[in-house]
$ cat upload_14.txt   # compact mmCIF, C-alpha atoms
# COMPACT_ATOMS: atom_id res chain seq x y z
CA MET A 646 16.72 7.28 25.99
CA ALA A 647 13.61 5.97 27.75
CA ASP A 648 10.81 5.12 25.40
CA PRO A 649 7.33 5.53 26.88
CA HIS A 650 5.81 3.22 24.29
CA MET A 651 7.69 0.14 25.43
CA PRO A 652 6.65 -2.63 27.78
CA GLU A 653 8.77 -3.44 30.87
CA GLN A 654 12.27 -5.11 31.14
CA PRO A 655 14.42 -2.03 30.64
CA GLY A 656 17.70 -3.91 31.31
CA LEU A 657 17.43 -6.54 28.62
CA LEU A 658 15.83 -4.11 26.24
CA ARG A 659 18.89 -2.56 24.68
CA ARG A 660 20.54 -5.85 23.76
CA CYS A 661 17.55 -8.00 22.82
CA CYS A 662 15.51 -5.37 21.18
CA PRO A 663 17.40 -2.55 19.48
CA HIS A 664 14.25 -1.21 17.80
CA PRO A 665 11.37 -1.55 20.26
CA LEU A 666 8.81 0.25 18.09
CA LEU A 667 9.71 -1.90 15.08
CA SER A 668 9.34 -5.05 17.20
CA LEU A 669 6.00 -3.83 18.45
CA ALA A 670 4.83 -3.01 14.92
CA LEU A 671 5.94 -6.42 13.58
CA THR A 672 4.14 -8.25 16.39
CA LEU A 673 1.00 -6.22 15.75
CA ILE A 674 1.15 -6.83 12.00
CA TRP A 675 1.55 -10.58 12.58
CA LEU A 676 -1.51 -10.60 14.85
CA LEU A 677 -3.47 -8.64 12.25
CA LEU A 678 -2.36 -11.04 9.52
CA ILE A 679 -3.72 -14.12 11.31
CA ASN A 680 -6.86 -12.02 11.99
CA SER A 681 -7.67 -13.65 15.34
CA PHE A 682 -6.09 -13.42 18.76
CA SER A 683 -4.52 -16.47 20.44
CA VAL A 684 -1.60 -16.98 22.83
CA GLY A 685 0.21 -19.11 20.24
CA GLY A 686 -0.18 -16.39 17.64
CA LEU A 687 1.07 -13.77 20.10
CA LEU A 688 4.17 -15.89 20.88
CA VAL A 689 5.00 -16.39 17.20
CA GLY A 690 4.44 -12.66 16.65
CA LEU A 691 6.75 -11.74 19.53
CA THR A 692 9.42 -14.14 18.23
CA LEU A 693 9.24 -12.55 14.79
CA GLY A 694 9.18 -9.07 16.31
CA LEU A 695 12.37 -9.79 18.24
CA ALA A 696 14.16 -11.79 15.52
CA ILE A 697 13.57 -9.63 12.43
CA PRO A 698 15.05 -6.36 13.85
CA ARG A 699 18.16 -8.30 14.99
CA LEU A 700 18.59 -10.10 11.66
CA THR A 701 18.17 -6.88 9.69
CA SER A 702 19.99 -4.62 12.15
CA SER A 703 22.75 -3.83 9.64
CA PHE A 704 20.13 -1.93 7.63
CA TRP A 705 19.11 0.06 10.72
CA PRO A 706 22.28 1.69 12.01
CA GLY A 707 20.53 4.17 14.27
CA ARG A 708 17.14 4.55 15.80
CA PRO A 709 15.21 7.52 14.37
CA ARG A 710 14.34 9.97 17.11
CA VAL A 711 10.68 10.84 17.02
CA ARG A 712 9.69 13.79 19.18
CA HIS A 713 5.93 14.10 18.89
CA TYR A 714 3.84 10.98 18.40
CA GLY A 715 0.68 13.09 18.28
CA LYS A 716 2.04 14.93 15.27
CA VAL A 717 2.72 11.60 13.53
CA VAL A 718 -1.00 10.81 13.71
CA ALA A 719 -1.88 14.30 12.43
CA TYR A 720 0.61 13.86 9.58
CA VAL A 721 -0.80 10.45 8.59
CA LEU A 722 -4.34 11.89 8.51
CA LEU A 723 -3.19 14.85 6.41
CA VAL A 724 -1.44 12.53 3.95
CA ILE A 725 -4.48 10.23 3.64
CA ARG A 726 -6.66 13.27 2.91
CA ASP A 727 -4.15 14.51 0.33
CA ILE A 728 -3.98 11.07 -1.30
CA ILE A 729 -7.73 11.13 -1.90
CA VAL A 730 -7.52 14.69 -3.28
CA ALA A 731 -4.56 13.63 -5.45
CA ASN A 732 -6.58 10.75 -6.87
CA LEU A 733 -9.40 13.08 -7.86
CA GLN A 734 -7.00 15.65 -9.36
CA VAL A 735 -5.05 13.12 -11.39
CA ALA A 736 -8.28 11.45 -12.55
CA PHE A 737 -9.54 14.88 -13.65
CA ILE A 738 -6.31 15.62 -15.51
CA ILE A 739 -6.39 12.24 -17.27
CA LEU A 740 -10.03 12.55 -18.31
CA PHE A 741 -10.43 16.19 -19.28
CA ARG A 742 -7.10 17.88 -19.94
CA PRO A 743 -5.59 17.64 -23.43
CA VAL A 744 -2.05 16.32 -23.21
CA GLY A 745 -0.61 19.44 -24.85
CA SER A 746 -1.92 21.76 -22.11
CA LEU A 747 -0.07 20.00 -19.27
CA HIS A 748 2.93 21.77 -17.76
CA THR A 749 5.00 18.65 -17.21
CA ARG A 750 8.35 19.52 -15.66
CA TRP A 751 11.22 18.42 -13.42
CA LEU A 752 11.77 20.15 -10.11
CA CYS A 753 14.84 20.26 -7.90
CA VAL A 754 13.58 20.46 -4.32
CA PRO A 755 16.29 21.52 -1.84
CA LEU A 756 16.09 19.53 1.41
CA ASP A 757 16.30 20.84 4.95
CA LEU A 758 15.73 17.37 6.40
CA THR A 759 18.86 15.43 7.27
CA SER A 760 17.88 12.06 8.76
CA PRO A 761 17.49 9.27 6.16
CA GLU A 762 14.17 8.15 7.65
CA ALA A 763 12.69 11.63 7.35
CA ILE A 764 13.90 12.03 3.75
CA THR A 765 12.43 8.62 2.86
CA LEU A 766 9.08 9.61 4.34
CA PHE A 767 9.18 12.96 2.54
CA ALA A 768 9.96 11.29 -0.81
CA GLY A 769 7.23 8.68 -0.28
CA THR A 770 4.72 11.38 0.61
CA ILE A 771 5.61 13.36 -2.52
CA THR A 772 5.06 10.27 -4.68
CA MET A 773 1.67 9.55 -3.17
CA THR A 774 0.31 13.11 -3.36
CA PRO A 775 -0.92 15.55 -6.06
CA GLY A 776 0.71 15.06 -9.45
CA THR A 777 4.28 14.60 -8.20
CA VAL A 778 6.67 11.63 -8.21
CA SER A 779 10.03 11.79 -6.44
CA CYS A 780 12.69 10.23 -8.66
CA ASP A 781 16.17 10.71 -7.27
CA LEU A 782 18.24 12.12 -4.46
CA SER A 783 21.31 14.24 -5.08
CA ALA A 784 24.62 12.55 -4.34
CA ASP A 785 25.16 14.63 -1.20
CA GLY A 786 21.58 14.08 0.01
CA LYS A 787 20.71 17.78 -0.10
CA ALA A 788 18.08 17.82 -2.87
CA LEU A 789 15.29 15.71 -4.32
CA LEU A 790 14.50 15.29 -8.02
CA VAL A 791 10.72 15.49 -8.45
CA HIS A 792 8.68 14.99 -11.61
CA CYS A 793 5.50 17.07 -11.83
CA LEU A 794 2.59 16.11 -14.04
CA ASP A 795 1.11 19.60 -14.09
CA ALA A 796 2.94 22.51 -12.44
CA PRO A 797 2.41 25.89 -14.11
CA ASP A 798 4.55 27.61 -11.45
CA ALA A 799 7.70 25.72 -10.39
CA GLU A 800 8.53 28.00 -7.44
CA ALA A 801 5.02 27.72 -5.98
CA ALA A 802 5.03 23.92 -6.32
CA ILE A 803 8.36 23.64 -4.48
CA ARG A 804 7.21 26.04 -1.76
CA GLU A 805 3.98 24.12 -1.24
CA MET A 806 5.74 20.76 -0.88
CA LYS A 807 8.22 22.19 1.61
CA GLU A 808 5.63 24.03 3.69
CA ARG A 809 3.01 21.30 3.66
CA TYR A 810 5.12 18.22 4.35
CA GLU A 811 8.75 19.02 5.08
CA SER A 812 8.10 21.52 7.87
CA ARG A 813 5.78 19.02 9.56
CA LEU A 814 8.35 16.22 9.23
CA GLN A 815 10.97 18.52 10.71
CA GLU A 816 8.78 18.96 13.77
CA ILE A 817 8.29 15.18 14.05
CA PHE A 818 11.93 14.13 13.69
CA ALA A 819 14.39 15.69 16.11
CA MET B 101 -31.22 -2.44 5.96
CA GLU B 102 -29.89 -5.24 3.81
CA PHE B 103 -30.71 -3.23 0.71
CA LEU B 104 -28.80 -0.23 2.09
CA ASN B 105 -25.75 -2.39 2.81
CA GLU B 106 -25.76 -3.84 -0.66
CA LEU B 107 -26.21 -0.39 -2.18
CA LEU B 108 -23.26 0.94 -0.19
CA VAL B 109 -21.02 -2.03 -1.02
CA SER B 110 -21.86 -2.03 -4.71
CA SER B 111 -21.41 1.74 -5.10
CA LEU B 112 -18.01 1.51 -3.37
CA ILE B 113 -16.98 -1.26 -5.77
CA VAL B 114 -18.16 0.77 -8.75
CA ILE B 115 -16.30 3.88 -7.56
CA GLY B 116 -13.13 1.83 -7.05
CA ALA B 117 -13.45 0.18 -10.45
CA THR B 118 -14.01 3.58 -12.09
CA PHE B 119 -10.76 4.91 -10.65
CA ALA B 120 -8.87 1.78 -11.70
CA LEU B 121 -10.26 2.25 -15.21
CA ILE B 122 -9.25 5.93 -15.27
CA GLY B 123 -5.76 4.94 -14.14
CA SER B 124 -5.45 2.43 -16.97
CA TYR B 125 -6.80 4.98 -19.47
CA GLY B 126 -4.14 7.40 -18.23
CA MET B 127 -1.45 4.87 -19.15
CA LEU B 128 -2.81 4.93 -22.72
CA LYS B 129 -3.31 8.67 -23.00
CA LEU B 130 -0.23 10.23 -21.45
CA PRO B 131 2.69 10.64 -23.85
CA ASP B 132 5.90 9.50 -22.11
CA LEU B 133 7.01 7.10 -19.40
CA MET B 134 7.50 9.68 -16.66
CA SER B 135 4.00 11.12 -17.12
CA ARG B 136 2.53 7.64 -17.26
CA LEU B 137 4.08 6.91 -13.90
CA HIS B 138 1.59 9.34 -12.32
CA ALA B 139 -1.47 7.41 -13.44
CA PRO B 140 -0.84 4.05 -11.72
CA THR B 141 0.65 5.50 -8.52
CA LYS B 142 -2.37 7.72 -7.86
CA ALA B 143 -5.58 6.75 -9.56
CA THR B 144 -5.24 3.10 -8.66
CA THR B 145 -4.71 3.83 -4.95
CA LEU B 146 -8.32 4.94 -4.70
CA GLY B 147 -9.35 2.09 -7.01
CA VAL B 148 -7.93 -0.54 -4.68
CA GLY B 149 -9.03 1.50 -1.67
CA GLY B 150 -12.65 1.48 -2.83
CA ALA B 151 -12.64 -2.31 -3.21
CA LEU B 152 -11.03 -2.74 0.22
CA VAL B 153 -13.52 -0.48 2.01
CA ALA B 154 -16.33 -2.33 0.22
CA SER B 155 -14.93 -5.62 1.52
CA MET B 156 -14.74 -4.27 5.08
CA VAL B 157 -18.34 -3.01 4.94
CA TYR B 158 -19.51 -6.32 3.48
CA PHE B 159 -17.96 -8.47 6.19
CA LEU B 160 -19.10 -6.04 8.89
CA ALA B 161 -22.68 -6.39 7.66
CA LEU B 162 -22.45 -10.14 7.01
CA ASN B 163 -21.20 -11.41 10.37
CA GLY B 164 -20.67 -8.28 12.43
CA THR B 165 -16.89 -8.59 12.76
CA VAL B 166 -14.37 -6.01 11.69
CA SER B 167 -11.97 -7.48 9.17
CA ILE B 168 -8.49 -6.04 9.54
CA HIS B 169 -6.81 -7.65 6.53
CA GLU B 170 -7.99 -4.83 4.29
CA LEU B 171 -6.17 -2.24 6.39
CA LEU B 172 -2.99 -4.30 6.09
CA ILE B 173 -3.38 -4.48 2.32
CA SER B 174 -3.71 -0.72 2.08
CA LEU B 175 -0.72 -0.28 4.42
CA PHE B 176 1.45 -2.51 2.21
CA LEU B 177 0.16 -0.68 -0.85
CA PHE B 178 1.14 2.70 0.61
CA LEU B 179 4.57 1.32 1.49
CA THR B 180 5.29 -0.31 -1.86
CA ALA B 181 3.73 2.10 -4.40
CA PRO B 182 6.34 4.90 -3.88
CA ILE B 183 9.18 2.38 -4.01
CA THR B 184 7.95 0.85 -7.27
CA ALA B 185 7.58 4.32 -8.78
CA HIS B 186 11.07 5.22 -7.56
CA PHE B 187 12.60 2.11 -9.15
CA LEU B 188 10.86 2.77 -12.47
CA ALA B 189 12.04 6.39 -12.45
CA LYS B 190 15.57 5.30 -11.58
CA ALA B 191 15.59 2.75 -14.41
CA TRP B 192 14.36 5.48 -16.76
CA LEU B 193 17.16 7.81 -15.63
CA HIS B 194 19.73 5.07 -16.20
CA THR B 195 18.54 4.18 -19.70
CA GLN B 196 17.73 7.68 -21.02
CA GLN B 197 20.54 9.72 -19.41
CA PRO B 198 18.46 12.90 -19.89
CA ASN B 199 20.34 16.19 -20.07
CA THR B 200 17.38 18.47 -19.40
CA LEU B 201 17.18 17.79 -15.67
CA PRO B 202 17.60 20.66 -13.21
CA ARG B 203 20.89 20.25 -11.33
CA PRO B 204 21.24 20.44 -7.57
CA ALA B 205 23.64 22.99 -6.14
CA ARG B 206 26.92 21.13 -5.55
CA HIS B 207 26.66 17.46 -6.57
CA ASP B 208 24.86 15.69 -9.39
CA TRP B 209 21.95 13.28 -8.85
CA SER B 210 22.95 10.04 -7.17
CA THR B 211 22.06 8.01 -10.28
CA PHE B 212 24.96 9.69 -12.08
CA GLU B 213 27.42 10.39 -9.29
CA LYS B 214 28.74 8.45 -6.31
CA ALA B 215 27.95 9.76 -2.87
CA PRO B 216 30.86 11.79 -1.50
CA GLY B 217 33.12 9.53 0.55
CA SER B 218 31.63 6.21 -0.53
CA ASP B 219 32.79 3.46 -2.88
CA GLU B 220 29.33 2.26 -3.81
CA ALA B 221 28.17 2.57 -7.38
CA GLY B 222 25.12 4.83 -7.78

$ encode --input "upload_14.txt" --output "structure tokens"
Amino acid sequence: MADPHMPEQPGLLRRCCPHPLLSLALTLIWLLLINSFSVGGLLVGLTLGLAIPRLTSSFWPGRPRVRHYGKVVAYVLLVIRDIIVANLQVAFIILFRPVGSLHTRWLCVPLDLTSPEAITLFAGTITMTPGTVSCDLSADGKALLVHCLDAPDAEAAIREMKERYESRLQEIFA
Amino acid sequence: MEFLNELLVSSLIVIGATFALIGSYGMLKLPDLMSRLHAPTKATTLGVGGALVASMVYFLALNGTVSIHELLISLFLFLTAPITAHFLAKAWLHTQQPNTLPRPARHDWSTFEKAPGSDEAG
């Protein structure tokens, strides 16, 4: 599969660089870490970017197929917005709601996502956003265990999570 | 101009510190471990975020360069906070063995049951 986000050398690419986007991200993060651009820094970054995916390749059996990179950006923006809202909501709950009035409950969220990367992102998003923490995955990978700080209506909470995040992740991952 | 910068930076720091304080107060107030888990994963994100944005604004005003380290810190925070929360929840499930959990359709949660077709312990 040709990847439009990769630099040249298509022949060597498959062998040297099984995860081009990961290599690119690692190089970029290294450059950001040293906080100034130099050729030496770029070379070290490239070396790390090529070495780390190879050394850890047993943890990355397949490459996740991402269909729409534009939708990834939209999703990240949506999640950042929701994180800020979640902070305000949880702060409000902590400050003003008596503990007895909270509808704390466990939810079992059935999953339509199948790829491990997508499920990981979905679980991470749930943890970072309004009053929910994802706790466990069912043994067959078909459901998520989610703890809700304040959910008066279990069905509505599950529906909102699925519509808001899972459907978008389904569009992003093929 | 300098006064405006300082006002902006100091109010960002105060907002961040307020959220960090609320998060810590939540740890005290909420009754059980699973509810307490909500306070540090959320309220502190904005607490740290406020301090980081304040730092970016400060260095932008001081010597006119954009400092990227803060973005990296928030990226690592977003990556690690869910994983920490997940580990704590998993440890809680292991020690408490609660029997009030909702059950998924066919298999139990992976903390209590091996994945079908694997030899790994859950």

$ closest_atom_pairs --input "upload_14.txt" --of "chain A" --to "chain B" --cutoff "8 Å" --atoms "all atoms listed in the file" --output "tab-separated table"
residue	atom	partner	partner_atom	distance
A:Ile674	CA	B:Leu172	CA	7.6
A:Leu677	CA	B:Ile168	CA	6.3
A:Leu678	CA	B:His169	CA	6.3
A:Asn680	CA	B:Ile168	CA	6.7
A:Ile728	CA	B:Lys142	CA	7.5
A:Ile729	CA	B:Leu146	CA	6.8
A:Ala731	CA	B:Lys142	CA	6.7
A:Asn732	CA	B:Ala143	CA	4.9
A:Leu733	CA	B:Ala143	CA	7.6
A:Val735	CA	B:Ala143	CA	6.6
A:Ala736	CA	B:Ala143	CA	6.2
A:Ile739	CA	B:Gly126	CA	5.4
A:Leu740	CA	B:Ile122	CA	7.3
A:Val744	CA	B:Leu130	CA	6.6
A:Thr749	CA	B:Ser135	CA	7.6
A:Trp751	CA	B:Leu201	CA	6.4
A:Leu752	CA	B:Pro202	CA	6.6
A:Cys753	CA	B:Pro202	CA	6.0
A:Pro755	CA	B:Pro204	CA	7.6
A:Ala768	CA	B:Pro182	CA	8.0
A:Gly769	CA	B:Pro182	CA	5.3
A:Thr772	CA	B:Pro182	CA	5.6
A:Met773	CA	B:Lys142	CA	6.5
A:Thr774	CA	B:Lys142	CA	7.5
A:Gly776	CA	B:His138	CA	6.5
A:Thr777	CA	B:His138	CA	7.2
A:Val778	CA	B:His138	CA	6.9
A:Ser779	CA	B:His186	CA	6.7
A:Cys780	CA	B:His186	CA	5.4
A:Asp781	CA	B:Trp209	CA	6.5
A:Leu782	CA	B:Ser210	CA	5.8
A:Ser783	CA	B:Trp209	CA	3.9
A:Ala784	CA	B:Ser210	CA	4.1
A:Asp785	CA	B:Ala215	CA	5.9
A:Lys787	CA	B:Pro204	CA	7.9
A:Ala788	CA	B:Pro204	CA	6.2
A:Leu790	CA	B:Trp209	CA	7.8
A:His792	CA	B:Met134	CA	7.4
A:Leu794	CA	B:Ser135	CA	6.0

$ atom_distance --input "upload_14.txt" --atom1 "atom CA of B:Leu107" --atom2 "atom CA of B:Ala151"
13.7 Å

$ residues_around --input "upload_14.txt" --residues "A:Leu756" --least-positions-apart "3" --cutoff "9 Å" --atoms "all atoms listed in the file" --output "list in words"
Thr759, Ile764, Gly786, Lys787, Ala788, Leu789, Lys807 and Glu811 of chain A

$ closest_residue --input "upload_14.txt" --among "A:Pro698, A:Pro761, A:Pro797, A:Gly745" --to "A:Leu669" --atoms "all atoms listed in the file"
A:Pro698

$ residues_around --input "upload_14.txt" --residues "A:Leu687" --least-positions-apart "2" --cutoff "12 Å" --atoms "only C-alpha atoms" --output "ChimeraX atom specification"
/A:669,671-685,689-694

$ closest_residue --input "upload_14.txt" --among "A:Gln815, A:Thr765, A:Arg742, A:Leu747" --to "A:Asp798" --atoms "all atoms listed in the file"
A:Leu747

$ residues_around --input "upload_14.txt" --residues "B:Tyr158" --least-positions-apart "3" --cutoff "12 Å" --atoms "only C-alpha atoms" --output "list in words"
Glu102, Phe103, Leu104, Asn105, Glu106, Leu107, Leu108, Val109, Ser110, Ser111, Leu112, Ile113, Ala151, Leu152, Val153, Ala154, Ser155, Ala161, Leu162, Asn163, Gly164, Thr165, Val166, Ser167 and Glu170 of chain B

$ decode --input "upload_14.txt" --residues "stretch 145-166 of chain B" --atoms "N, CA and C atoms" --output "PDB file, in the first residue's frame"
ATOM      1  N   THR B 145      -5.586  17.366  34.411  1.00  0.00           N
ATOM      2  CA  THR B 145      -5.158  17.622  33.034  1.00  0.00           C
ATOM      3  C   THR B 145      -5.185  19.112  32.745  1.00  0.00           C
ATOM      4  N   LEU B 146      -6.277  19.764  33.142  1.00  0.00           N
ATOM      5  CA  LEU B 146      -6.367  21.204  32.925  1.00  0.00           C
ATOM      6  C   LEU B 146      -5.413  21.947  33.856  1.00  0.00           C
ATOM      7  N   GLY B 147      -5.157  21.389  35.048  1.00  0.00           N
ATOM      8  CA  GLY B 147      -4.212  22.010  35.959  1.00  0.00           C
ATOM      9  C   GLY B 147      -2.827  22.093  35.343  1.00  0.00           C
ATOM     10  N   VAL B 148      -2.332  20.946  34.859  1.00  0.00           N
ATOM     11  CA  VAL B 148      -1.025  20.946  34.202  1.00  0.00           C
ATOM     12  C   VAL B 148      -1.078  21.760  32.923  1.00  0.00           C
ATOM     13  N   GLY B 149      -2.193  21.619  32.179  1.00  0.00           N
ATOM     14  CA  GLY B 149      -2.348  22.358  30.925  1.00  0.00           C
ATOM     15  C   GLY B 149      -2.227  23.860  31.132  1.00  0.00           C
ATOM     16  N   GLY B 150      -2.864  24.377  32.182  1.00  0.00           N
ATOM     17  CA  GLY B 150      -2.786  25.809  32.450  1.00  0.00           C
ATOM     18  C   GLY B 150      -1.352  26.260  32.675  1.00  0.00           C
ATOM     19  N   ALA B 151      -0.608  25.487  33.473  1.00  0.00           N
ATOM     20  CA  ALA B 151       0.790  25.841  33.739  1.00  0.00           C
ATOM     21  C   ALA B 151       1.619  25.794  32.456  1.00  0.00           C
ATOM     22  N   LEU B 152       1.343  24.799  31.599  1.00  0.00           N
ATOM     23  CA  LEU B 152       2.118  24.663  30.363  1.00  0.00           C
ATOM     24  C   LEU B 152       1.839  25.813  29.403  1.00  0.00           C
ATOM     25  N   VAL B 153       0.542  26.173  29.247  1.00  0.00           N
ATOM     26  CA  VAL B 153       0.225  27.299  28.365  1.00  0.00           C
ATOM     27  C   VAL B 153       0.842  28.576  28.911  1.00  0.00           C
ATOM     28  N   ALA B 154       0.812  28.742  30.243  1.00  0.00           N
ATOM     29  CA  ALA B 154       1.442  29.916  30.846  1.00  0.00           C
ATOM     30  C   ALA B 154       2.924  29.967  30.507  1.00  0.00           C
ATOM     31  N   SER B 155       3.590  28.814  30.574  1.00  0.00           N
ATOM     32  CA  SER B 155       5.015  28.760  30.246  1.00  0.00           C
ATOM     33  C   SER B 155       5.259  29.137  28.786  1.00  0.00           C
ATOM     34  N   MET B 156       4.392  28.634  27.881  1.00  0.00           N
ATOM     35  CA  MET B 156       4.565  28.970  26.462  1.00  0.00           C
ATOM     36  C   MET B 156       4.409  30.472  26.245  1.00  0.00           C
ATOM     37  N   VAL B 157       3.360  31.053  26.850  1.00  0.00           N
ATOM     38  CA  VAL B 157       3.124  32.496  26.686  1.00  0.00           C
ATOM     39  C   VAL B 157       4.298  33.286  27.245  1.00  0.00           C
ATOM     40  N   TYR B 158       4.817  32.846  28.399  1.00  0.00           N
ATOM     41  CA  TYR B 158       5.919  33.562  29.036  1.00  0.00           C
ATOM     42  C   TYR B 158       7.150  33.591  28.136  1.00  0.00           C
ATOM     43  N   PHE B 159       7.534  32.427  27.592  1.00  0.00           N
ATOM     44  CA  PHE B 159       8.742  32.401  26.773  1.00  0.00           C
ATOM     45  C   PHE B 159       8.521  33.094  25.438  1.00  0.00           C
ATOM     46  N   LEU B 160       7.275  33.068  24.938  1.00  0.00           N
ATOM     47  CA  LEU B 160       6.972  33.800  23.709  1.00  0.00           C
ATOM     48  C   LEU B 160       7.162  35.293  23.940  1.00  0.00           C
ATOM     49  N   ALA B 161       6.710  35.788  25.093  1.00  0.00           N
ATOM     50  CA  ALA B 161       6.824  37.215  25.381  1.00  0.00           C
ATOM     51  C   ALA B 161       8.253  37.592  25.747  1.00  0.00           C
ATOM     52  N   LEU B 162       8.980  36.677  26.398  1.00  0.00           N
ATOM     53  CA  LEU B 162      10.319  36.994  26.887  1.00  0.00           C
ATOM     54  C   LEU B 162      11.330  37.124  25.753  1.00  0.00           C
ATOM     55  N   ASN B 163      11.440  36.076  24.904  1.00  0.00           N
ATOM     56  CA  ASN B 163      12.420  36.187  23.829  1.00  0.00           C
ATOM     57  C   ASN B 163      11.845  35.840  22.453  1.00  0.00           C
ATOM     58  N   GLY B 164      10.526  35.905  22.331  1.00  0.00           N
ATOM     59  CA  GLY B 164       9.908  35.834  21.015  1.00  0.00           C
ATOM     60  C   GLY B 164      10.019  34.497  20.308  1.00  0.00           C
ATOM     61  N   THR B 165      10.432  33.432  21.005  1.00  0.00           N
ATOM     62  CA  THR B 165      10.481  32.130  20.354  1.00  0.00           C
ATOM     63  C   THR B 165       9.372  31.236  20.906  1.00  0.00           C
ATOM     64  N   VAL B 166       8.865  30.379  20.034  1.00  0.00           N
ATOM     65  CA  VAL B 166       7.850  29.439  20.477  1.00  0.00           C
ATOM     66  C   VAL B 166       8.548  28.239  21.099  1.00  0.00           C
TER      67      VAL B 166
END
